[in-house]
file final_28.txt (compact mmCIF, C-alpha atoms and all ligand atoms)
# COMPACT_ATOMS: atom_id res chain seq x y z
CA MET A 1 84.71 7.53 19.72
CA THR A 2 82.05 8.56 17.27
CA ASP A 3 78.59 7.24 18.10
CA LEU A 4 77.48 5.18 15.14
CA GLY A 5 74.08 4.43 16.64
CA PRO A 6 72.17 6.99 14.58
CA ILE A 7 73.87 5.86 11.38
CA ARG A 8 73.20 2.19 12.01
CA ALA A 9 69.59 3.02 12.84
CA PHE A 10 69.30 5.07 9.66
CA LEU A 11 70.64 2.50 7.18
CA LEU A 12 68.56 -0.55 6.42
CA CYS A 13 71.40 -3.05 6.48
CA GLU A 14 74.97 -3.54 7.59
CA THR A 15 77.88 -3.90 5.23
CA PRO A 16 78.12 -7.61 4.48
CA ARG A 17 81.04 -9.40 6.10
CA ALA A 18 82.09 -10.64 2.66
CA TRP A 19 82.82 -7.08 1.63
CA VAL A 20 85.09 -6.53 4.61
CA ASP A 21 86.92 -9.79 3.86
CA TRP A 22 87.30 -8.77 0.26
CA ALA A 23 88.64 -5.37 1.20
CA LEU A 24 91.24 -6.98 3.46
CA GLN A 25 92.45 -9.11 0.62
CA HIS A 26 92.71 -6.11 -1.71
CA PRO A 27 94.18 -3.29 0.36
CA ASP A 28 95.51 -1.46 -2.70
CA ILE A 29 92.09 -1.32 -4.31
CA LEU A 30 90.58 -0.23 -1.02
CA LEU A 31 92.88 2.79 -0.99
CA ILE A 32 92.48 3.62 -4.68
CA ASP A 33 88.74 3.45 -4.45
CA HIS A 34 88.76 5.41 -1.24
CA ALA A 35 90.80 8.17 -2.91
CA ASN A 36 88.29 8.28 -5.76
CA CYS A 37 85.35 8.39 -3.37
CA GLU A 38 86.80 11.35 -1.51
CA LYS A 39 87.48 13.20 -4.73
CA LYS A 40 84.00 12.50 -6.00
CA ALA A 41 82.39 13.50 -2.71
CA ALA A 42 84.12 16.89 -3.00
CA SER A 43 83.05 17.37 -6.60
CA THR A 44 79.45 16.42 -5.84
CA ALA A 45 79.35 19.04 -3.10
CA LEU A 46 80.81 21.64 -5.47
CA ASN A 47 78.24 20.78 -8.13
CA LEU A 48 75.46 21.38 -5.63
CA MET A 49 77.04 24.72 -4.70
CA TYR A 50 76.95 25.78 -8.34
CA ARG A 51 73.38 24.63 -8.85
CA TYR A 52 71.78 26.03 -5.71
CA VAL A 53 73.45 29.38 -5.04
CA GLU A 54 70.30 30.74 -3.41
CA HIS A 55 70.57 28.49 -0.34
CA HIS A 56 73.06 30.07 2.03
CA ALA A 57 73.10 27.21 4.54
CA LEU A 58 73.74 24.74 1.75
CA LEU A 59 76.63 26.79 0.36
CA ASN A 60 78.21 27.09 3.76
CA LYS A 61 77.90 23.47 4.82
CA LEU A 62 78.89 21.99 1.48
CA SER A 63 81.86 24.30 1.08
CA ARG A 64 83.24 22.99 4.34
CA LEU A 65 82.34 19.45 3.39
CA ALA A 66 84.15 19.74 0.05
CA ARG A 67 87.30 21.03 1.79
CA GLU A 68 87.19 18.14 4.25
CA GLU A 69 86.74 15.59 1.48
CA LEU A 70 89.73 17.00 -0.39
CA ARG A 71 91.75 16.89 2.80
CA HIS A 72 90.78 13.23 3.17
CA PHE A 73 91.79 12.71 -0.45
CA GLU A 74 95.25 14.15 0.30
CA GLN A 75 95.58 11.86 3.31
CA VAL A 76 94.68 8.78 1.27
CA ILE A 77 97.10 9.54 -1.55
CA ALA A 78 99.84 10.20 1.01
CA ILE A 79 99.26 6.73 2.46
CA MET A 80 99.22 5.26 -1.05
CA GLN A 81 102.53 6.89 -1.78
CA THR A 82 104.26 5.65 1.35
CA ARG A 83 102.97 2.15 0.62
CA GLY A 84 103.98 2.26 -3.02
CA VAL A 85 100.42 1.89 -4.28
CA ALA A 86 100.05 3.07 -7.89
CA TYR A 87 97.01 5.16 -8.81
CA PRO A 88 95.46 3.76 -11.98
CA GLN A 89 92.23 4.95 -13.54
CA LEU A 90 89.36 2.87 -12.26
CA SER A 91 86.07 2.99 -14.02
CA ALA A 92 82.87 3.76 -12.23
CA SER A 93 80.95 1.28 -10.21
CA ARG A 94 77.23 1.12 -10.18
CA TYR A 95 76.40 2.01 -6.58
CA ALA A 96 76.12 5.76 -6.75
CA GLY A 97 74.90 5.78 -10.34
CA GLU A 98 72.03 3.44 -9.58
CA LEU A 99 71.16 5.22 -6.40
CA ARG A 100 71.00 8.49 -8.28
CA GLN A 101 68.62 7.01 -10.80
CA LYS A 102 66.02 7.24 -8.06
CA VAL A 103 66.50 10.99 -7.76
CA ARG A 104 63.55 12.89 -9.20
CA THR A 105 64.38 15.05 -12.19
CA HIS A 106 62.20 18.08 -11.40
CA GLU A 107 62.77 20.70 -8.77
CA PRO A 108 62.31 20.98 -5.89
CA GLY A 109 62.19 17.19 -5.66
CA ARG A 110 65.55 16.87 -7.31
CA LEU A 111 67.30 18.90 -4.62
CA VAL A 112 65.65 17.06 -1.75
CA ASP A 113 66.41 13.64 -3.25
CA THR A 114 70.02 14.61 -4.00
CA LEU A 115 70.55 15.74 -0.42
CA LEU A 116 68.98 12.57 0.94
CA THR A 117 71.18 10.51 -1.36
CA GLY A 118 74.17 12.43 -0.03
CA ALA A 119 73.11 11.59 3.52
CA ILE A 120 72.79 7.90 2.64
CA ILE A 121 76.16 7.77 0.95
CA GLU A 122 77.90 9.54 3.83
CA ALA A 123 76.19 7.23 6.30
CA ARG A 124 77.32 4.15 4.40
CA SER A 125 80.79 5.54 4.12
CA CYS A 126 80.96 6.01 7.86
CA GLU A 127 79.49 2.58 8.59
CA ARG A 128 82.04 0.98 6.27
CA PHE A 129 84.96 2.76 7.88
CA ALA A 130 83.76 1.53 11.25
CA ALA A 131 83.49 -2.03 9.92
CA LEU A 132 87.07 -1.86 8.63
CA VAL A 133 88.71 -0.37 11.72
CA PRO A 134 88.86 -3.58 13.83
CA VAL A 135 90.49 -5.60 11.07
CA LEU A 136 92.97 -3.19 9.48
CA ASP A 137 96.61 -2.71 10.37
CA GLU A 138 97.42 -0.09 12.98
CA GLU A 139 98.14 2.76 10.61
CA LEU A 140 95.01 2.28 8.52
CA ALA A 141 92.84 1.61 11.55
CA GLY A 142 93.98 4.91 13.04
CA PHE A 143 93.32 6.71 9.79
CA TYR A 144 89.82 5.32 9.32
CA THR A 145 88.96 6.01 12.94
CA SER A 146 89.99 9.62 12.40
CA LEU A 147 87.55 9.90 9.49
CA LEU A 148 84.50 8.64 11.35
CA LYS A 149 83.73 11.94 13.01
CA SER A 150 83.69 14.06 9.87
CA GLU A 151 81.85 11.49 7.74
CA SER A 152 79.25 11.20 10.46
CA ARG A 153 78.86 14.97 10.46
CA HIS A 154 78.52 14.96 6.65
CA PHE A 155 75.64 12.52 7.05
CA THR A 156 73.97 14.83 9.57
CA ASP A 157 74.59 17.90 7.42
CA TYR A 158 73.02 16.41 4.31
CA LEU A 159 70.05 15.13 6.27
CA LYS A 160 69.49 18.46 8.00
CA LEU A 161 69.69 20.33 4.72
CA ALA A 162 67.12 17.98 3.19
CA ARG A 163 64.80 18.61 6.13
CA GLU A 164 65.33 22.37 5.96
CA LEU A 165 64.80 22.65 2.22
CA GLY A 166 62.07 20.04 1.82
CA SER A 167 58.83 19.49 3.68
CA THR A 168 58.60 16.87 6.42
CA GLN A 169 56.08 14.89 4.40
CA GLU A 170 58.32 14.90 1.39
CA VAL A 171 61.41 13.76 3.27
CA ASP A 172 59.42 11.11 5.11
CA ALA A 173 58.02 9.84 1.82
CA ARG A 174 61.27 9.83 -0.15
CA LEU A 175 63.72 8.54 2.43
CA PRO A 176 62.34 4.97 2.62
CA VAL A 177 62.40 4.70 -1.19
CA LEU A 178 66.03 5.78 -1.44
CA LEU A 179 67.13 3.72 1.56
CA GLU A 180 65.48 0.63 0.18
CA LYS A 181 67.28 1.06 -3.12
CA GLU A 182 70.56 1.48 -1.26
CA ARG A 183 69.96 -1.70 0.74
CA GLU A 184 69.31 -3.55 -2.47
CA LEU A 185 72.58 -2.29 -3.98
CA ILE A 186 74.61 -3.16 -0.91
CA GLU A 187 73.18 -6.64 -0.50
CA ALA A 188 72.85 -7.78 -4.09
CA PRO A 189 75.87 -9.43 -5.64
CA ASP A 190 77.20 -7.23 -8.34
CA HIS A 191 78.59 -8.90 -11.37
CA GLU A 192 78.84 -5.80 -13.33
CA SER A 193 81.96 -4.01 -14.04
CA ILE A 194 84.96 -3.13 -12.27
CA ARG A 195 85.74 -3.26 -8.79
CA VAL A 196 85.06 -1.12 -6.16
CA ASP A 197 81.79 -0.46 -5.12
CA VAL A 198 78.94 -1.77 -3.71
CA THR A 199 78.05 -5.12 -2.56
CA VAL A 200 79.31 -8.45 -1.78
CA PRO A 201 82.02 -9.13 -4.20
CA GLY A 202 80.54 -12.11 -5.92
CA GLU A 203 83.44 -13.96 -7.45
CA GLY A 204 85.68 -11.19 -6.29
CA VAL A 205 84.06 -8.74 -8.53
CA ASP A 206 82.87 -5.54 -7.14
CA PHE A 207 84.34 -4.05 -4.16
CA PRO A 208 82.20 -1.51 -2.54
CA TYR A 209 84.24 0.91 -0.89
CA SER A 210 82.97 3.58 1.16
CA ALA A 211 79.89 3.55 -0.63
CA ARG A 212 81.42 4.98 -3.50
CA LEU A 213 79.24 7.24 -2.70
CA VAL A 214 79.13 9.65 -4.95
CA GLY A 215 80.09 8.22 -7.79
CA THR A 216 82.01 7.84 -10.46
CA MET A 217 85.27 8.16 -11.80
CA GLU A 218 86.56 8.92 -15.19
CA LYS A 219 84.80 6.89 -17.82
CA SER A 220 86.68 4.20 -19.60
CA VAL A 221 87.33 4.87 -23.27
CA GLU A 222 88.13 2.39 -25.99
CA ILE A 223 91.68 2.26 -27.26
CA SER A 224 93.37 0.14 -29.90
CA LEU A 225 95.70 -2.44 -28.39
CA THR A 226 98.22 -4.38 -30.45
CA VAL A 227 99.81 -7.39 -28.81
CA VAL A 228 102.90 -8.58 -30.68
CA VAL A 229 103.28 -12.27 -29.96
CA THR A 230 106.66 -13.94 -30.42
CA SER A 231 108.56 -16.96 -29.19
CA ALA A 232 110.74 -16.09 -26.19
CA THR A 233 113.46 -18.44 -27.43
CA THR A 234 113.65 -17.74 -31.16
CA GLY A 235 112.00 -14.32 -31.44
CA ASP A 236 109.87 -15.66 -34.30
CA PRO A 237 106.31 -14.40 -34.55
CA ILE A 238 103.57 -16.68 -33.31
CA GLU A 239 100.76 -16.16 -35.74
CA THR A 240 98.00 -18.26 -34.21
CA ALA A 241 97.07 -17.33 -30.66
CA THR A 242 94.28 -16.28 -28.33
CA VAL A 243 94.62 -12.84 -26.77
CA THR A 244 92.29 -12.04 -23.90
CA ILE A 245 91.98 -8.74 -22.06
CA LEU A 246 90.60 -9.08 -18.57
CA ASP A 247 89.54 -6.92 -15.73
CA PRO A 248 92.25 -7.85 -13.19
CA THR A 249 89.91 -7.48 -10.24
CA SER A 250 86.96 -9.48 -11.40
CA GLY A 251 88.85 -11.79 -13.73
CA GLU A 252 86.19 -11.17 -16.35
CA ALA A 253 87.19 -10.96 -19.99
CA VAL A 254 86.47 -7.57 -21.51
CA SER A 255 87.85 -8.31 -24.97
CA ARG A 256 89.10 -11.42 -26.75
CA LEU A 257 90.70 -12.26 -30.06
CA GLU A 258 91.23 -15.84 -31.16
CA SER A 259 92.75 -15.78 -34.56
CA ARG A 260 95.65 -15.98 -36.95
CA ARG A 261 97.54 -12.76 -37.56
CA PRO A 262 100.46 -12.19 -39.91
CA GLY A 263 103.62 -11.28 -38.04
CA GLY A 264 101.92 -12.25 -34.76
CA ARG A 265 100.39 -8.77 -34.48
CA PHE A 266 97.01 -9.00 -32.74
CA THR A 267 95.17 -5.68 -32.83
CA MET A 268 91.93 -5.35 -30.91
CA PRO A 269 89.77 -2.78 -29.14
CA ALA A 270 90.31 -2.54 -25.39
CA PRO A 271 88.67 -0.43 -22.69
CA SER A 272 91.15 1.85 -20.96
CA GLY A 273 92.08 1.24 -17.35
CA ARG A 274 94.01 -1.36 -15.44
CA ARG A 275 93.90 -4.53 -17.55
CA ARG A 276 95.36 -8.01 -17.53
CA ILE A 277 96.49 -9.27 -20.90
CA ARG A 278 96.66 -13.03 -21.39
CA VAL A 279 98.07 -14.77 -24.45
CA SER A 280 97.86 -18.46 -25.11
CA ALA A 281 99.09 -20.43 -28.09
CA ALA A 282 99.49 -24.13 -28.80
CA GLY A 283 102.88 -25.41 -27.67
CA TYR A 284 103.61 -22.42 -25.42
CA GLU A 285 103.11 -21.55 -21.79
CA THR A 286 100.31 -19.04 -21.20
CA TRP A 287 101.73 -15.52 -20.89
CA GLU A 288 100.20 -12.77 -18.74
CA THR A 289 100.93 -9.21 -17.82
CA ASP A 290 99.08 -6.33 -16.16
CA ALA A 291 99.06 -3.00 -17.95
CA ASP A 292 97.58 0.41 -17.37
CA LEU A 293 95.86 1.33 -20.64
CA LYS A 294 95.67 5.08 -20.56
CA PRO A 295 92.65 6.79 -22.12
CA ASP A 296 94.86 9.47 -23.64
CA GLU A 297 96.99 6.89 -25.46
CA PRO A 298 94.63 5.72 -28.24
CA GLU A 299 97.08 3.18 -29.68
CA ARG A 300 99.15 0.94 -27.49
CA GLU A 301 101.51 -1.86 -28.32
CA ILE A 302 102.62 -4.60 -25.96
CA GLU A 303 105.09 -7.40 -26.58
CA ALA A 304 104.26 -10.90 -25.45
CA LYS A 305 107.19 -13.32 -25.48
CA LEU A 306 105.89 -16.82 -24.96
CA ALA A 307 108.06 -19.61 -23.55
CA PRO A 308 107.78 -22.94 -25.34
CA LYS A 309 106.36 -25.79 -23.26
FE FE A 401 85.59 11.99 3.32
FE FE A 402 82.13 12.67 3.60

call {"tool": "encode", "arguments": {"input": "final_28.txt", "output": "structure tokens", "more": "lines below"}}
Ligand SMILES: [Fe+2]
Ligand SMILES: [Fe+2]
result
Amino acid sequence: MTDLGPIRAFLLCETPRAWVDWALQHPDILLIDHANCEKKAASTALNLMYRYVEHHALLNKLSRLAREELRHFEQVIAIMQTRGVAYPQLSASRYAGELRQKVRTHEPGRLVDTLLTGAIIEARSCERFAALVPVLDEELAGFYTSLLKSESRHFTDYLKLARELGSTQEVDARLPVLLEKERELIEAPDHESIRVDVTVPGEGVDFPYSARLVGTMEKSVEISLTVVVTSATTGDPIETATVTILDPTSGEAVSRLESRRPGGRFTMPAPSGRRRIRVSAAGYETWETDADLKPDEPEREIEAKLAPK
């Protein structure tokens, strides 16, 4: 079993129990976010390899790391497939983005801070996996246990690289600043956007996966959504209604139209991604559906057939 002692000693706080509970209640999102984290971890390593070609040790370690992360990605999507979990676009959470805001913008500080941030994210990832193992089903517990060793080594690799490429004083000065920011992100309730990352899911909002460590998935784009509202019994248009688009994870409304529309055609802007569409109208039962609004489909039409009360 991987020794998590050094990782627990390194991080300033444990993953809150509320996050673990939330993850258990949303196993599909756990897997989707995990897949995204692995993919992003690989791409972050590759970016560093492009930017710092002069550091042989960095190229070597991060090349291996990127391969391992992609291998993890393949393992996660294989599990998703056997469990019938769809893979929708999820927009970025704030954990990695906010952590990276602390990274200095001038070299060589930028490199040292980026490596330290990598170490923190890998450490959190590992700590989270360990927190999940005792409560997951057998298959997932086995899978997450198998990841502990490599994620723990990624933590060590990033930290060693930071110490090799930066001075001791610099690392000792920067590490507490970055760790403190990370603690803040993990412990503060996040009422921001969608799902997965960091922190106690206040009202079921954000779900911090493995630290979402590195960041961020495809950005959400705005599309034009038309909801055609009709009566389920007569097929007649319902011209006065309220159409709300929600984030299905947080339950927060991201767009809303309360109006009268000829022909019952309600057209409104909507951020792409997994969305819940809710339609209510006087005299009818509230209607709801979940839809994957694809960023490459700029105009989308959905029919809402409302049952009379
Ligand atoms: Fe990984
Ligand atoms: Fe990793």

call {"tool": "residues_near_ligand", "arguments": {"input": "final_28.txt", "ligand": "ligand FE 401 (chain A)", "cutoff": "6 Å", "atoms": "only C-alpha atoms and all ligand atoms", "output": "JSON, numbers by chain"}}
result
{"A": [38, 69, 72, 151]}

call {"tool": "closest_atom_pairs", "arguments": {"input": "final_28.txt", "of": "chain A", "to": "ligand FE 402 (chain A)", "cutoff": "9 Å", "atoms": "only C-alpha atoms and all ligand atoms", "output": "CSV"}}
result
residue,atom,partner,partner_atom,distance
A:Cys37,CA,A:FE402,FE,8.8
A:Glu38,CA,A:FE402,FE,7.0
A:Ala41,CA,A:FE402,FE,6.4
A:Ala42,CA,A:FE402,FE,8.1
A:Leu65,CA,A:FE402,FE,6.8
A:Ala66,CA,A:FE402,FE,8.2
A:Glu68,CA,A:FE402,FE,7.5
A:Glu69,CA,A:FE402,FE,5.9
A:His72,CA,A:FE402,FE,8.7
A:Gly118,CA,A:FE402,FE,8.8
A:Ile121,CA,A:FE402,FE,8.2
A:Glu122,CA,A:FE402,FE,5.3
A:Ala123,CA,A:FE402,FE,8.5
A:Ser125,CA,A:FE402,FE,7.3
A:Cys126,CA,A:FE402,FE,8.0
A:Leu147,CA,A:FE402,FE,8.5
A:Ser150,CA,A:FE402,FE,6.6
A:Glu151,CA,A:FE402,FE,4.3
A:Ser152,CA,A:FE402,FE,7.6
A:Arg153,CA,A:FE402,FE,7.9
A:His154,CA,A:FE402,FE,5.3
A:Phe155,CA,A:FE402,FE,7.4
A:Leu213,CA,A:FE402,FE,8.8

call {"tool": "atom_distance", "arguments": {"input": "final_28.txt", "atom1": "CA of Lys294 in chain A", "atom2": "CA of Ser43 in chain A"}}
result
22.5 Å

call {"tool": "residues_around", "arguments": {"input": "final_28.txt", "residues": "range 243-253 of chain A", "least_positions_apart": "2", "cutoff": "6 Å", "atoms": "all atoms listed in the file", "output": "PyMOL selection string"}}
result
chain A and resi 204-205+255-257+275-279

call {"tool": "closest_residue", "arguments": {"input": "final_28.txt", "among": "A:Leu115, A:Glu107, A:Glu299, A:Pro6", "to": "Met49 in chain A", "atoms": "all atoms listed in the file"}}
result
A:Leu115

call {"tool": "residues_around", "arguments": {"input": "final_28.txt", "residues": "Lys160 in chain A", "least_positions_apart": "6", "cutoff": "12 Å", "atoms": "only C-alpha atoms", "output": "ChimeraX atom specification"}}
result
/A:57-58,61-62,112,115-116,118-119,153-154,166-168,171

call {"tool": "closest_residue", "arguments": {"input": "final_28.txt", "among": "A:Leu185, A:Ile29, A:Val229, A:Leu159", "to": "Gly97 in chain A", "atoms": "all atoms listed in the file"}}
result
A:Leu185

call {"tool": "build_atoms", "arguments": {"input": "final_28.txt", "residues": "range 16-35 of chain A", "atoms": "N, CA and C atoms", "output": "mmCIF file, keeping the file's coordinate frame"}}
result
data_model
loop_
_atom_site.group_PDB
_atom_site.id
_atom_site.type_symbol
_atom_site.label_atom_id
_atom_site.label_comp_id
_atom_site.auth_asym_id
_atom_site.auth_seq_id
_atom_site.Cartn_x
_atom_site.Cartn_y
_atom_site.Cartn_z
ATOM 1 N N PRO A 16 77.914 -6.171 4.336
ATOM 2 C CA PRO A 16 78.120 -7.610 4.480
ATOM 3 C C PRO A 16 79.575 -7.945 4.837
ATOM 4 N N ARG A 17 79.714 -8.973 5.658
ATOM 5 C CA ARG A 17 81.040 -9.400 6.100
ATOM 6 C C ARG A 17 81.928 -9.736 4.888
ATOM 7 N N ALA A 18 81.313 -10.259 3.849
ATOM 8 C CA ALA A 18 82.090 -10.640 2.660
ATOM 9 C C ALA A 18 82.790 -9.436 2.051
ATOM 10 N N TRP A 19 82.171 -8.279 2.175
ATOM 11 C CA TRP A 19 82.820 -7.080 1.630
ATOM 12 C C TRP A 19 84.077 -6.738 2.429
ATOM 13 N N VAL A 20 83.943 -6.841 3.748
ATOM 14 C CA VAL A 20 85.090 -6.530 4.610
ATOM 15 C C VAL A 20 86.230 -7.507 4.298
ATOM 16 N N ASP A 21 85.890 -8.791 4.167
ATOM 17 C CA ASP A 21 86.920 -9.790 3.860
ATOM 18 C C ASP A 21 87.584 -9.475 2.534
ATOM 19 N N TRP A 22 86.760 -9.080 1.592
ATOM 20 C CA TRP A 22 87.300 -8.770 0.260
ATOM 21 C C TRP A 22 88.241 -7.573 0.333
ATOM 22 N N ALA A 23 87.819 -6.573 1.074
ATOM 23 C CA ALA A 23 88.640 -5.370 1.200
ATOM 24 C C ALA A 23 90.005 -5.702 1.822
ATOM 25 N N LEU A 24 89.984 -6.609 2.809
ATOM 26 C CA LEU A 24 91.240 -6.980 3.460
ATOM 27 C C LEU A 24 92.196 -7.681 2.509
ATOM 28 N N GLN A 25 91.611 -8.406 1.589
ATOM 29 C CA GLN A 25 92.450 -9.110 0.620
ATOM 30 C C GLN A 25 92.944 -8.195 -0.500
ATOM 31 N N HIS A 26 92.344 -7.024 -0.619
ATOM 32 C CA HIS A 26 92.710 -6.110 -1.710
ATOM 33 C C HIS A 26 92.963 -4.701 -1.164
ATOM 34 N N PRO A 27 93.968 -4.591 -0.290
ATOM 35 C CA PRO A 27 94.180 -3.290 0.360
ATOM 36 C C PRO A 27 94.507 -2.171 -0.623
ATOM 37 N N ASP A 28 95.175 -2.511 -1.730
ATOM 38 C CA ASP A 28 95.510 -1.460 -2.700
ATOM 39 C C ASP A 28 94.238 -0.899 -3.324
ATOM 40 N N ILE A 29 93.327 -1.787 -3.678
ATOM 41 C CA ILE A 29 92.090 -1.320 -4.310
ATOM 42 C C ILE A 29 91.241 -0.543 -3.314
ATOM 43 N N LEU A 30 91.300 -0.972 -2.068
ATOM 44 C CA LEU A 30 90.580 -0.230 -1.020
ATOM 45 C C LEU A 30 91.036 1.231 -1.023
ATOM 46 N N LEU A 31 92.343 1.429 -1.046
ATOM 47 C CA LEU A 31 92.880 2.790 -0.990
ATOM 48 C C LEU A 31 92.574 3.570 -2.272
ATOM 49 N N ILE A 32 92.730 2.919 -3.405
ATOM 50 C CA ILE A 32 92.480 3.620 -4.680
ATOM 51 C C ILE A 32 91.014 4.035 -4.749
ATOM 52 N N ASP A 33 90.155 3.111 -4.378
ATOM 53 C CA ASP A 33 88.740 3.450 -4.450
ATOM 54 C C ASP A 33 88.367 4.505 -3.421
ATOM 55 N N HIS A 34 89.013 4.404 -2.273
ATOM 56 C CA HIS A 34 88.760 5.410 -1.240
ATOM 57 C C HIS A 34 89.153 6.794 -1.759
ATOM 58 N N ALA A 35 90.339 6.874 -2.365
ATOM 59 C CA ALA A 35 90.800 8.170 -2.910
ATOM 60 C C ALA A 35 89.760 8.700 -3.898
#
